[in-house]
>>> print(open('query.cif').read())   # mmCIF, C-alpha atoms and all ligand atoms
data_upload
#
loop_
_atom_site.label_atom_id
_atom_site.label_comp_id
_atom_site.auth_asym_id
_atom_site.auth_seq_id
_atom_site.Cartn_x
_atom_site.Cartn_y
_atom_site.Cartn_z
CA MET G 34 -239.74 -157.61 -54.88
CA ILE G 35 -239.24 -153.79 -54.86
CA THR G 36 -239.42 -151.99 -51.54
CA LEU G 37 -238.97 -148.32 -50.79
CA GLU G 38 -238.23 -147.53 -47.15
CA ASN G 39 -238.59 -143.88 -46.11
CA VAL G 40 -237.17 -142.68 -49.41
CA THR G 41 -236.49 -138.96 -49.74
CA VAL G 42 -234.96 -137.31 -52.80
CA LYS G 43 -234.00 -133.66 -52.61
CA TYR G 44 -232.38 -131.95 -55.59
CA PRO G 45 -229.49 -129.59 -54.79
CA GLY G 46 -230.77 -126.10 -54.10
CA ALA G 47 -234.46 -127.14 -54.04
CA ALA G 48 -236.53 -125.86 -51.11
CA ASP G 49 -238.68 -129.03 -50.90
CA PRO G 50 -237.92 -132.67 -51.59
CA ALA G 51 -239.15 -134.11 -54.92
CA ILE G 52 -239.86 -137.41 -53.10
CA ASP G 53 -240.75 -137.03 -49.46
CA ASN G 54 -240.33 -139.99 -47.07
CA LEU G 55 -242.06 -142.56 -49.30
CA SER G 56 -242.51 -146.15 -48.12
CA LEU G 57 -244.03 -148.63 -50.60
CA SER G 58 -243.71 -152.21 -51.74
CA PHE G 59 -244.38 -153.75 -55.18
CA GLN G 60 -244.82 -157.42 -55.99
CA GLN G 61 -244.29 -159.45 -59.14
CA GLY G 62 -247.36 -159.27 -61.38
CA GLU G 63 -248.43 -155.78 -60.28
CA PHE G 64 -249.04 -153.22 -63.04
CA ILE G 65 -248.80 -149.86 -61.32
CA GLY G 66 -250.03 -146.61 -62.84
CA VAL G 67 -248.46 -143.56 -61.20
CA LEU G 68 -250.63 -140.42 -61.26
CA GLY G 69 -249.98 -136.90 -60.09
CA ARG G 70 -249.92 -133.28 -61.17
CA SER G 71 -246.97 -131.90 -63.08
CA GLY G 72 -244.05 -131.64 -60.64
CA ALA G 73 -245.53 -134.16 -58.18
CA GLY G 74 -242.36 -136.25 -58.39
CA LYS G 75 -243.40 -139.02 -60.83
CA SER G 76 -240.28 -138.94 -63.03
CA THR G 77 -238.03 -138.69 -60.00
CA PHE G 78 -239.82 -141.71 -58.53
CA ILE G 79 -239.21 -143.84 -61.66
CA ARG G 80 -235.60 -142.69 -62.01
CA THR G 81 -234.91 -143.44 -58.36
CA ILE G 82 -236.19 -147.01 -58.68
CA ASN G 83 -233.88 -147.47 -61.66
CA ALA G 84 -230.91 -146.11 -59.66
CA LEU G 85 -230.56 -143.27 -62.17
CA GLN G 86 -231.25 -140.86 -59.32
CA GLU G 87 -229.57 -141.11 -55.91
CA VAL G 88 -231.72 -141.05 -52.78
CA SER G 89 -231.00 -138.36 -50.19
CA SER G 90 -232.12 -140.72 -47.42
CA GLY G 91 -233.92 -144.05 -47.05
CA GLU G 92 -233.47 -147.28 -48.97
CA ILE G 93 -234.69 -149.03 -52.09
CA ILE G 94 -234.50 -152.79 -51.93
CA VAL G 95 -234.82 -154.88 -55.09
CA ASP G 96 -234.75 -158.66 -54.65
CA ASP G 97 -233.09 -158.31 -51.22
CA TYR G 98 -230.37 -155.92 -52.49
CA SER G 99 -230.20 -152.35 -51.28
CA VAL G 100 -229.92 -150.51 -54.61
CA HIS G 101 -228.01 -147.48 -53.44
CA SER G 102 -225.29 -149.41 -51.66
CA LEU G 103 -224.48 -151.37 -54.83
CA SER G 104 -221.28 -150.70 -56.73
CA ASP G 105 -221.63 -148.84 -60.05
CA GLU G 106 -221.06 -152.15 -61.83
CA ASP G 107 -223.88 -153.84 -59.88
CA LYS G 108 -226.16 -150.85 -60.49
CA ARG G 109 -225.56 -151.26 -64.21
CA ARG G 110 -226.38 -154.95 -63.91
CA LEU G 111 -229.59 -154.13 -62.05
CA ARG G 112 -230.52 -151.62 -64.75
CA THR G 113 -230.28 -154.33 -67.39
CA LYS G 114 -233.07 -156.12 -65.49
CA ALA G 115 -235.28 -153.02 -65.64
CA GLY G 116 -236.57 -152.26 -69.14
CA MET G 117 -237.22 -148.54 -69.45
CA ILE G 118 -239.69 -147.00 -71.90
CA PHE G 119 -239.42 -143.26 -72.54
CA GLN G 120 -241.79 -140.54 -73.72
CA HIS G 121 -239.48 -139.57 -76.58
CA PHE G 122 -238.54 -143.18 -77.38
CA HIS G 123 -234.72 -142.68 -77.21
CA LEU G 124 -234.17 -144.71 -80.38
CA ILE G 125 -231.43 -144.38 -82.99
CA PRO G 126 -233.32 -142.92 -86.00
CA ARG G 127 -230.96 -144.03 -88.79
CA MET G 128 -230.79 -147.63 -87.61
CA THR G 129 -233.36 -150.28 -88.45
CA VAL G 130 -236.04 -151.57 -86.12
CA LEU G 131 -234.09 -154.81 -85.57
CA GLN G 132 -230.79 -152.98 -84.92
CA ASN G 133 -232.52 -150.75 -82.37
CA VAL G 134 -234.15 -153.71 -80.67
CA LEU G 135 -230.84 -155.56 -80.45
CA THR G 136 -229.33 -152.65 -78.51
CA GLY G 137 -231.55 -153.83 -75.64
CA ARG G 138 -228.81 -156.41 -75.06
CA PHE G 139 -226.17 -153.70 -74.64
CA GLY G 140 -225.75 -154.12 -70.88
CA GLN G 141 -225.26 -157.87 -71.17
CA LYS G 142 -222.52 -157.89 -73.82
CA LYS G 143 -218.81 -157.17 -74.00
CA TRP G 144 -217.85 -153.60 -75.00
CA TYR G 145 -216.25 -154.65 -78.30
CA GLU G 146 -219.29 -156.72 -79.27
CA ASN G 147 -221.41 -153.59 -78.81
CA LEU G 148 -218.89 -151.43 -80.66
CA LEU G 149 -218.82 -153.76 -83.63
CA GLY G 150 -222.53 -154.57 -83.50
CA LEU G 151 -221.81 -158.29 -83.05
CA TYR G 152 -224.95 -160.27 -82.31
CA SER G 153 -225.39 -164.04 -82.44
CA GLU G 154 -227.99 -165.75 -84.62
CA GLU G 155 -229.83 -166.62 -81.43
CA GLU G 156 -229.97 -162.95 -80.41
CA LYS G 157 -231.14 -161.92 -83.88
CA ASN G 158 -233.90 -164.53 -83.77
CA GLU G 159 -234.94 -163.33 -80.33
CA GLY G 160 -234.96 -159.77 -81.69
CA LYS G 161 -237.28 -160.85 -84.51
CA SER G 162 -239.51 -162.66 -82.06
CA VAL G 163 -239.97 -159.61 -79.77
CA ILE G 164 -240.60 -157.45 -82.86
CA GLU G 165 -243.35 -159.89 -83.80
CA GLN G 166 -244.71 -159.70 -80.27
CA VAL G 167 -245.29 -155.95 -80.66
CA GLY G 168 -246.79 -156.43 -84.13
CA LEU G 169 -244.00 -154.93 -86.25
CA GLU G 170 -242.81 -158.07 -88.03
CA LYS G 171 -243.18 -156.50 -91.46
CA MET G 172 -241.01 -153.55 -90.45
CA ALA G 173 -237.96 -155.23 -88.89
CA GLY G 174 -235.68 -153.96 -91.68
CA ARG G 175 -237.09 -150.44 -91.86
CA ARG G 176 -235.24 -147.43 -90.47
CA VAL G 177 -236.83 -146.10 -87.30
CA GLU G 178 -236.91 -142.52 -88.66
CA ALA G 179 -239.56 -143.69 -91.15
CA LEU G 180 -241.98 -144.90 -88.44
CA SER G 181 -244.96 -143.22 -86.77
CA GLY G 182 -244.86 -142.31 -83.06
CA GLY G 183 -246.94 -145.35 -82.10
CA GLN G 184 -244.69 -147.65 -84.12
CA LYS G 185 -241.60 -146.08 -82.53
CA GLN G 186 -242.99 -146.79 -79.09
CA ARG G 187 -243.59 -150.42 -80.09
CA VAL G 188 -239.88 -150.54 -80.98
CA GLY G 189 -239.17 -149.05 -77.53
CA ILE G 190 -241.17 -151.86 -75.92
CA ALA G 191 -239.46 -154.52 -78.06
CA ARG G 192 -236.05 -153.13 -77.11
CA ALA G 193 -236.99 -153.23 -73.42
CA LEU G 194 -238.18 -156.84 -73.88
CA MET G 195 -234.84 -157.72 -75.46
CA GLN G 196 -233.29 -156.91 -72.07
CA GLN G 197 -235.17 -159.94 -70.67
CA PRO G 198 -236.38 -157.68 -67.86
CA ASP G 199 -238.01 -158.48 -64.52
CA ILE G 200 -239.22 -154.89 -64.24
CA PHE G 201 -240.79 -152.54 -66.78
CA LEU G 202 -240.50 -148.82 -66.03
CA GLY G 203 -242.24 -146.19 -68.11
CA ASP G 204 -241.79 -142.42 -67.89
CA GLU G 205 -244.86 -141.00 -69.66
CA PRO G 206 -244.54 -143.50 -72.54
CA VAL G 207 -247.71 -142.37 -74.33
CA ALA G 208 -247.64 -138.63 -73.62
CA SER G 209 -246.76 -137.78 -77.22
CA LEU G 210 -249.29 -140.15 -78.82
CA ASP G 211 -252.94 -139.71 -79.78
CA PRO G 212 -255.53 -141.29 -77.41
CA SER G 213 -256.28 -144.33 -79.55
CA THR G 214 -252.59 -145.13 -80.21
CA ALA G 215 -251.92 -144.56 -76.50
CA LYS G 216 -254.52 -147.21 -75.63
CA SER G 217 -253.08 -149.71 -78.08
CA ILE G 218 -249.58 -149.17 -76.65
CA PHE G 219 -250.93 -149.78 -73.13
CA GLY G 220 -252.67 -152.90 -74.46
CA ILE G 221 -249.31 -154.23 -75.67
CA LEU G 222 -247.60 -153.28 -72.42
CA ARG G 223 -250.26 -155.05 -70.38
CA SER G 224 -250.19 -158.23 -72.47
CA VAL G 225 -246.37 -158.42 -72.33
CA HIS G 226 -246.55 -157.71 -68.60
CA ASP G 227 -249.06 -160.54 -68.06
CA GLU G 228 -247.12 -163.00 -70.17
CA LYS G 229 -243.76 -162.36 -68.47
CA LYS G 230 -245.22 -161.70 -64.99
CA LEU G 231 -243.23 -158.50 -64.57
CA VAL G 232 -243.47 -155.64 -62.13
CA THR G 233 -244.54 -152.69 -64.28
CA ILE G 234 -244.48 -149.11 -62.98
CA ILE G 235 -245.60 -146.39 -65.37
CA ASN G 236 -246.16 -142.64 -65.01
CA ILE G 237 -249.18 -141.49 -66.86
CA HIS G 238 -251.26 -138.33 -67.14
CA ASP G 239 -254.34 -140.04 -68.58
CA VAL G 240 -256.45 -141.23 -65.64
CA GLU G 241 -258.83 -143.25 -67.81
CA ILE G 242 -255.99 -145.27 -69.35
CA ALA G 243 -254.33 -145.70 -65.95
CA LYS G 244 -257.58 -147.12 -64.50
CA LYS G 245 -258.23 -149.37 -67.48
CA PHE G 246 -254.82 -151.06 -67.63
CA SER G 247 -253.36 -150.97 -64.11
CA THR G 248 -253.87 -153.42 -61.27
CA ARG G 249 -252.85 -150.74 -58.77
CA ILE G 250 -252.80 -146.95 -58.81
CA ILE G 251 -250.34 -144.79 -56.91
CA GLY G 252 -251.10 -141.08 -56.60
CA LEU G 253 -248.29 -138.69 -55.75
CA LYS G 254 -248.70 -135.15 -54.49
CA GLU G 255 -245.70 -132.96 -53.68
CA GLY G 256 -243.58 -136.10 -53.42
CA LYS G 257 -245.89 -137.76 -50.89
CA LEU G 258 -248.32 -140.64 -51.25
CA ALA G 259 -251.81 -139.22 -51.86
CA PHE G 260 -253.41 -142.50 -52.98
CA ASP G 261 -252.55 -146.20 -53.12
CA GLY G 262 -255.27 -148.60 -54.15
CA ARG G 263 -257.09 -150.56 -56.83
CA PRO G 264 -258.30 -148.65 -59.90
CA GLU G 265 -261.94 -149.01 -58.82
CA GLU G 266 -261.10 -147.36 -55.48
CA LEU G 267 -260.01 -144.17 -57.23
CA ASP G 268 -263.24 -142.26 -56.66
CA GLU G 269 -263.81 -138.51 -56.85
CA LYS G 270 -262.56 -137.90 -53.32
CA ALA G 271 -259.33 -139.81 -53.98
CA TYR G 272 -258.95 -138.05 -57.33
CA ASN G 273 -259.23 -134.68 -55.61
CA ARG G 274 -256.63 -135.68 -53.02
CA ILE G 275 -254.16 -136.27 -55.86
CA TYR G 276 -255.02 -133.34 -58.12
CA ASP G 277 -256.38 -130.50 -55.92
CA GLU G 278 -254.05 -127.56 -55.38
N1 LIG L 1 -232.71 -132.24 -62.12
C1 LIG L 1 -233.46 -131.52 -61.29
N2 LIG L 1 -232.91 -130.54 -60.53
C2 LIG L 1 -233.66 -129.81 -59.68
N3 LIG L 1 -234.98 -129.98 -59.49
C3 LIG L 1 -235.59 -130.94 -60.21
C4 LIG L 1 -234.87 -131.74 -61.15
N4 LIG L 1 -235.75 -132.62 -61.72
C5 LIG L 1 -236.95 -132.36 -61.16
N5 LIG L 1 -236.86 -131.35 -60.26
C6 LIG L 1 -237.96 -130.82 -59.43
O1 LIG L 1 -238.46 -131.90 -58.64
C7 LIG L 1 -239.89 -131.87 -58.59
C8 LIG L 1 -240.46 -133.18 -59.15
O2 LIG L 1 -240.16 -133.25 -60.55
P1 LIG L 1 -240.54 -134.51 -61.45
O3 LIG L 1 -239.97 -134.27 -62.81
O4 LIG L 1 -240.15 -135.73 -60.74
O5 LIG L 1 -242.12 -134.38 -61.48
P2 LIG L 1 -243.20 -135.06 -62.45
O6 LIG L 1 -244.35 -135.44 -61.59
O7 LIG L 1 -242.56 -136.14 -63.24
O8 LIG L 1 -243.60 -133.85 -63.41
P3 LIG L 1 -244.14 -133.89 -64.94
O9 LIG L 1 -245.47 -134.58 -64.91
O10 LIG L 1 -244.26 -132.42 -65.27
O11 LIG L 1 -243.11 -134.59 -65.76
C9 LIG L 1 -240.31 -130.62 -59.35
O12 LIG L 1 -240.49 -129.59 -58.43
C10 LIG L 1 -239.13 -130.33 -60.26
O13 LIG L 1 -239.04 -128.96 -60.54
#
>>> encode(input="query.cif", output="structure tokens", more="lines below")
Ligand SMILES: Nc1ncnc2c1ncn2[C@@H]1O[C@H](COP(=O)(O)OP(=O)(O)OP(=O)(O)O)[C@@H](O)[C@H]1O
Amino acid sequence: MITLENVTVKYPGAADPAIDNLSLSFQQGEFIGVLGRSGAGKSTFIRTINALQEVSSGEIIVDDYSVHSLSDEDKRRLRTKAGMIFQHFHLIPRMTVLQNVLTGRFGQKKWYENLLGLYSEEEKNEGKSVIEQVGLEKMAGRRVEALSGGQKQRVGIARALMQQPDIFLGDEPVASLDPSTAKSIFGILRSVHDEKKLVTIINIHDVEIAKKFSTRIIGLKEGKLAFDGRPEELDEKAYNRIYDE
């Protein structure tokens, strides 16, 4: 469903590529935890899959389409199919939970509908249903600025769900949360993933959480693949391959 063929990403002026000749394939239903030291290329990897970052060479193929040869319009359409969850949530603090969640439909609506905040009853009901799915039903009318970090990330997940995605991408979505909240957020992500049979690819620093919730672990080191296997295959030797200097 998602294939990377010899993908290299080199930032202007950088001595070494951030992603170095990576070839990988991901199938529907896989929940992939991406590990690696700081600077290993994890964020670049996620952003490249979402066509937010251009490749320097190689190809990314999603559902038979080569992402980087798509027009800007088609790239936007592809992005609506990939729900992105961010470390710092990227929510609108003064708007309510429901209003934030409804913005997940942004890419699928006409510009003036977005400008005027026009949503159908059906969309509002769907918004309420995804809010319920992440356990925030009592807070749909509350402003996001009055929520805890864990609750904000649940809103982030609900907004991504509102996109009706095929792919979930997460760039360190629990890095600013305490360990127990982080686990509960991963629990929600995994149950949504299983229910919708998505492809989920998430960068994470916490190896224990990655092993507990992923079906597959990818380890990056200096932009190259240092590990690709099942969580139970990530033994000490593999761990050292990813994290040793
Ligand atoms: N916009 C940019 N311009 C130039 N270099 C960049 C840019 N973004 C990232 N880099 C470099 O590319 C490499 C990979 O960075 P990236 O952010 O993808 O790593 P990461 O594994 O996500 O790190 P972290 O865990 O610290 O977030 C690093 O050497 C970084 O300095």
>>> residues_near_point(input="query.cif", point="(-256.8, -153.9, -63.6)", cutoff="9 Å", atoms="only C-alpha atoms", output="number ranges by chain")
G: 64, 243-249, 263-265
>>> closest_residue(input="query.cif", among="G:Leu37, G:Val177, G:Ile79, G:Ile93", to="Gly66 (chain G)", atoms="all atoms listed in the file")
G:Ile79
>>> atom_distance(input="query.cif", atom1="CA of Glu92 (chain G)", atom2="CA of Gly72 (chain G)")
22.2 Å
>>> closest_residue(input="query.cif", among="G:Asp105, G:Thr77, G:Val134, G:Leu253", to="Arg176 (chain G)", atoms="all atoms listed in the file")
G:Val134
>>> residues_near_ligand(input="query.cif", ligand="ligand LIG 1 (chain L)", cutoff="10 Å", atoms="only C-alpha atoms and all ligand atoms", output="JSON list (two decimals) with C-alpha atoms, in the coordinates of the input")
[["chain", "number", "residue", "atom", "x", "y", "z"],
["G", 42, "VAL", "CA", -234.96, -137.31, -52.80],
["G", 43, "LYS", "CA", -234.00, -133.66, -52.61],
["G", 44, "TYR", "CA", -232.38, -131.95, -55.59],
["G", 45, "PRO", "CA", -229.49, -129.59, -54.79],
["G", 46, "GLY", "CA", -230.77, -126.10, -54.10],
["G", 47, "ALA", "CA", -234.46, -127.14, -54.04],
["G", 48, "ALA", "CA", -236.53, -125.86, -51.11],
["G", 49, "ASP", "CA", -238.68, -129.03, -50.90],
["G", 50, "PRO", "CA", -237.92, -132.67, -51.59],
["G", 51, "ALA", "CA", -239.15, -134.11, -54.92],
["G", 52, "ILE", "CA", -239.86, -137.41, -53.10],
["G", 67, "VAL", "CA", -248.46, -143.56, -61.20],
["G", 68, "LEU", "CA", -250.63, -140.42, -61.26],
["G", 69, "GLY", "CA", -249.98, -136.90, -60.09],
["G", 70, "ARG", "CA", -249.92, -133.28, -61.17],
["G", 71, "SER", "CA", -246.97, -131.90, -63.08],
["G", 72, "GLY", "CA", -244.05, -131.64, -60.64],
["G", 73, "ALA", "CA", -245.53, -134.16, -58.18],
["G", 74, "GLY", "CA", -242.36, -136.25, -58.39],
["G", 75, "LYS", "CA", -243.40, -139.02, -60.83],
["G", 76, "SER", "CA", -240.28, -138.94, -63.03],
["G", 77, "THR", "CA", -238.03, -138.69, -60.00],
["G", 78, "PHE", "CA", -239.82, -141.71, -58.53],
["G", 79, "ILE", "CA", -239.21, -143.84, -61.66],
["G", 80, "ARG", "CA", -235.60, -142.69, -62.01],
["G", 81, "THR", "CA", -234.91, -143.44, -58.36],
["G", 86, "GLN", "CA", -231.25, -140.86, -59.32],
["G", 204, "ASP", "CA", -241.79, -142.42, -67.89],
["G", 205, "GLU", "CA", -244.86, -141.00, -69.66],
["G", 208, "ALA", "CA", -247.64, -138.63, -73.62],
["G", 236, "ASN", "CA", -246.16, -142.64, -65.01],
["G", 237, "ILE", "CA", -249.18, -141.49, -66.86],
["G", 238, "HIS", "CA", -251.26, -138.33, -67.14],
["G", 253, "LEU", "CA", -248.29, -138.69, -55.75],
["G", 254, "LYS", "CA", -248.70, -135.15, -54.49],
["G", 255, "GLU", "CA", -245.70, -132.96, -53.68],
["G", 256, "GLY", "CA", -243.58, -136.10, -53.42]]
>>> closest_residue(input="query.cif", among="G:Leu202, G:Ile221, G:Val130, G:Leu151", to="Val188 (chain G)", atoms="all atoms listed in the file")
G:Val130
>>> closest_residue(input="query.cif", among="G:Glu38, G:Asp96, G:Asp107, G:Asp239", to="Leu210 (chain G)", atoms="all atoms listed in the file")
G:Asp239
>>> atom_distance(input="query.cif", atom1="CA of Thr214 (chain G)", atom2="CA of Gly183 (chain G)")
6.0 Å
>>> atom_distance(input="query.cif", atom1="CA of Asn83 (chain G)", atom2="CA of Arg112 (chain G)")
6.2 Å
>>> residues_near_point(input="query.cif", point="(-238.0, -144.7, -74.3)", cutoff="9 Å", atoms="all atoms listed in the file", output="count of residues only")
15
>>> residues_around(input="query.cif", residues="Met195 (chain G)", least_positions_apart="3", cutoff="8 Å", atoms="all atoms listed in the file", output="PyMOL selection string")
chain G and resi 134-135+137-138+159-160+163+191-192+198
>>> closest_residue(input="query.cif", among="G:Pro126, G:Gly91, G:Gly62, G:Gly140", to="Gly182 (chain G)", atoms="all atoms listed in the file")
G:Pro126
>>> closest_residue(input="query.cif", among="G:Thr113, G:Met34, G:Val240, G:Glu266", to="Ile94 (chain G)", atoms="only C-alpha atoms")
G:Met34
>>> residues_around(input="query.cif", residues="Leu258 (chain G)", least_positions_apart="3", cutoff="9 Å", atoms="only C-alpha atoms", output="PyMOL selection string")
chain G and resi 53+55-56+251-255+261+275
>>> build_atoms(input="query.cif", residues="region 126-155 of chain G", atoms="N, CA and C atoms", output="mmCIF file, keeping the file's coordinate frame")
data_model
loop_
_atom_site.group_PDB
_atom_site.id
_atom_site.type_symbol
_atom_site.label_atom_id
_atom_site.label_comp_id
_atom_site.auth_asym_id
_atom_site.auth_seq_id
_atom_site.Cartn_x
_atom_site.Cartn_y
_atom_site.Cartn_z
ATOM 1 N N PRO G 126 -232.446 -143.077 -84.834
ATOM 2 C CA PRO G 126 -233.320 -142.920 -86.000
ATOM 3 C C PRO G 126 -232.810 -143.581 -87.275
ATOM 4 N N ARG G 127 -231.480 -143.541 -87.507
ATOM 5 C CA ARG G 127 -230.960 -144.030 -88.790
ATOM 6 C C ARG G 127 -230.736 -145.542 -88.790
ATOM 7 N N MET G 128 -230.942 -146.166 -87.656
ATOM 8 C CA MET G 128 -230.790 -147.630 -87.610
ATOM 9 C C MET G 128 -232.145 -148.307 -87.796
ATOM 10 N N THR G 129 -232.099 -149.565 -88.199
ATOM 11 C CA THR G 129 -233.360 -150.280 -88.450
ATOM 12 C C THR G 129 -234.040 -150.659 -87.132
ATOM 13 N N VAL G 130 -235.280 -151.106 -87.279
ATOM 14 C CA VAL G 130 -236.040 -151.570 -86.120
ATOM 15 C C VAL G 130 -235.264 -152.688 -85.423
ATOM 16 N N LEU G 131 -234.799 -153.675 -86.190
ATOM 17 C CA LEU G 131 -234.090 -154.810 -85.570
ATOM 18 C C LEU G 131 -232.804 -154.341 -84.878
ATOM 19 N N GLN G 132 -232.041 -153.463 -85.542
ATOM 20 C CA GLN G 132 -230.790 -152.980 -84.920
ATOM 21 C C GLN G 132 -231.088 -152.250 -83.611
ATOM 22 N N ASN G 133 -232.141 -151.443 -83.604
ATOM 23 C CA ASN G 133 -232.520 -150.750 -82.370
ATOM 24 C C ASN G 133 -232.914 -151.722 -81.273
ATOM 25 N N VAL G 134 -233.679 -152.730 -81.655
ATOM 26 C CA VAL G 134 -234.150 -153.710 -80.670
ATOM 27 C C VAL G 134 -232.968 -154.469 -80.070
ATOM 28 N N LEU G 135 -231.999 -154.804 -80.933
ATOM 29 C CA LEU G 135 -230.840 -155.560 -80.450
ATOM 30 C C LEU G 135 -230.022 -154.779 -79.425
ATOM 31 N N THR G 136 -230.081 -153.438 -79.500
ATOM 32 C CA THR G 136 -229.330 -152.650 -78.510
ATOM 33 C C THR G 136 -229.864 -152.874 -77.092
ATOM 34 N N GLY G 137 -231.036 -153.458 -76.971
ATOM 35 C CA GLY G 137 -231.550 -153.830 -75.640
ATOM 36 C C GLY G 137 -230.622 -154.791 -74.919
ATOM 37 N N ARG G 138 -229.765 -155.470 -75.671
ATOM 38 C CA ARG G 138 -228.810 -156.410 -75.060
ATOM 39 C C ARG G 138 -227.512 -155.740 -74.603
ATOM 40 N N PHE G 139 -227.404 -154.457 -74.874
ATOM 41 C CA PHE G 139 -226.170 -153.700 -74.640
ATOM 42 C C PHE G 139 -225.516 -154.025 -73.296
ATOM 43 N N GLY G 140 -226.300 -153.947 -72.234
ATOM 44 C CA GLY G 140 -225.750 -154.120 -70.880
ATOM 45 C C GLY G 140 -225.265 -155.531 -70.586
ATOM 46 N N GLN G 141 -225.625 -156.482 -71.443
ATOM 47 C CA GLN G 141 -225.260 -157.870 -71.170
ATOM 48 C C GLN G 141 -224.116 -158.365 -72.060
ATOM 49 N N LYS G 142 -223.549 -157.450 -72.873
ATOM 50 C CA LYS G 142 -222.520 -157.890 -73.820
ATOM 51 C C LYS G 142 -221.180 -157.213 -73.546
ATOM 52 N N LYS G 143 -220.139 -157.760 -74.160
ATOM 53 C CA LYS G 143 -218.810 -157.170 -74.000
ATOM 54 C C LYS G 143 -218.739 -155.871 -74.816
ATOM 55 N N TRP G 144 -217.888 -154.922 -74.355
ATOM 56 C CA TRP G 144 -217.850 -153.600 -75.000
ATOM 57 C C TRP G 144 -217.543 -153.698 -76.476
ATOM 58 N N TYR G 145 -216.625 -154.598 -76.876
ATOM 59 C CA TYR G 145 -216.250 -154.650 -78.300
ATOM 60 C C TYR G 145 -217.348 -155.279 -79.145
ATOM 61 N N GLU G 146 -218.160 -156.159 -78.510
ATOM 62 C CA GLU G 146 -219.290 -156.720 -79.270
ATOM 63 C C GLU G 146 -220.304 -155.620 -79.580
ATOM 64 N N ASN G 147 -220.512 -154.731 -78.588
ATOM 65 C CA ASN G 147 -221.410 -153.590 -78.810
ATOM 66 C C ASN G 147 -220.847 -152.653 -79.867
ATOM 67 N N LEU G 148 -219.541 -152.356 -79.729
ATOM 68 C CA LEU G 148 -218.890 -151.430 -80.660
ATOM 69 C C LEU G 148 -219.010 -151.918 -82.092
ATOM 70 N N LEU G 149 -218.809 -153.209 -82.266
ATOM 71 C CA LEU G 149 -218.820 -153.760 -83.630
ATOM 72 C C LEU G 149 -220.205 -154.241 -84.057
ATOM 73 N N GLY G 150 -221.180 -154.111 -83.154
ATOM 74 C CA GLY G 150 -222.530 -154.570 -83.500
ATOM 75 C C GLY G 150 -222.588 -156.076 -83.713
ATOM 76 N N LEU G 151 -221.855 -156.827 -82.891
ATOM 77 C CA LEU G 151 -221.810 -158.290 -83.050
ATOM 78 C C LEU G 151 -222.942 -158.948 -82.262
ATOM 79 N N TYR G 152 -223.849 -159.557 -82.964
ATOM 80 C CA TYR G 152 -224.950 -160.270 -82.310
ATOM 81 C C TYR G 152 -225.024 -161.685 -82.860
ATOM 82 N N SER G 153 -225.293 -162.653 -82.003
ATOM 83 C CA SER G 153 -225.390 -164.040 -82.440
ATOM 84 C C SER G 153 -226.695 -164.273 -83.196
ATOM 85 N N GLU G 154 -226.753 -165.390 -83.911
ATOM 86 C CA GLU G 154 -227.990 -165.750 -84.620
ATOM 87 C C GLU G 154 -229.146 -165.862 -83.630
ATOM 88 N N GLU G 155 -228.812 -166.435 -82.462
ATOM 89 C CA GLU G 155 -229.830 -166.620 -81.430
ATOM 90 C C GLU G 155 -230.405 -165.261 -80.993
#
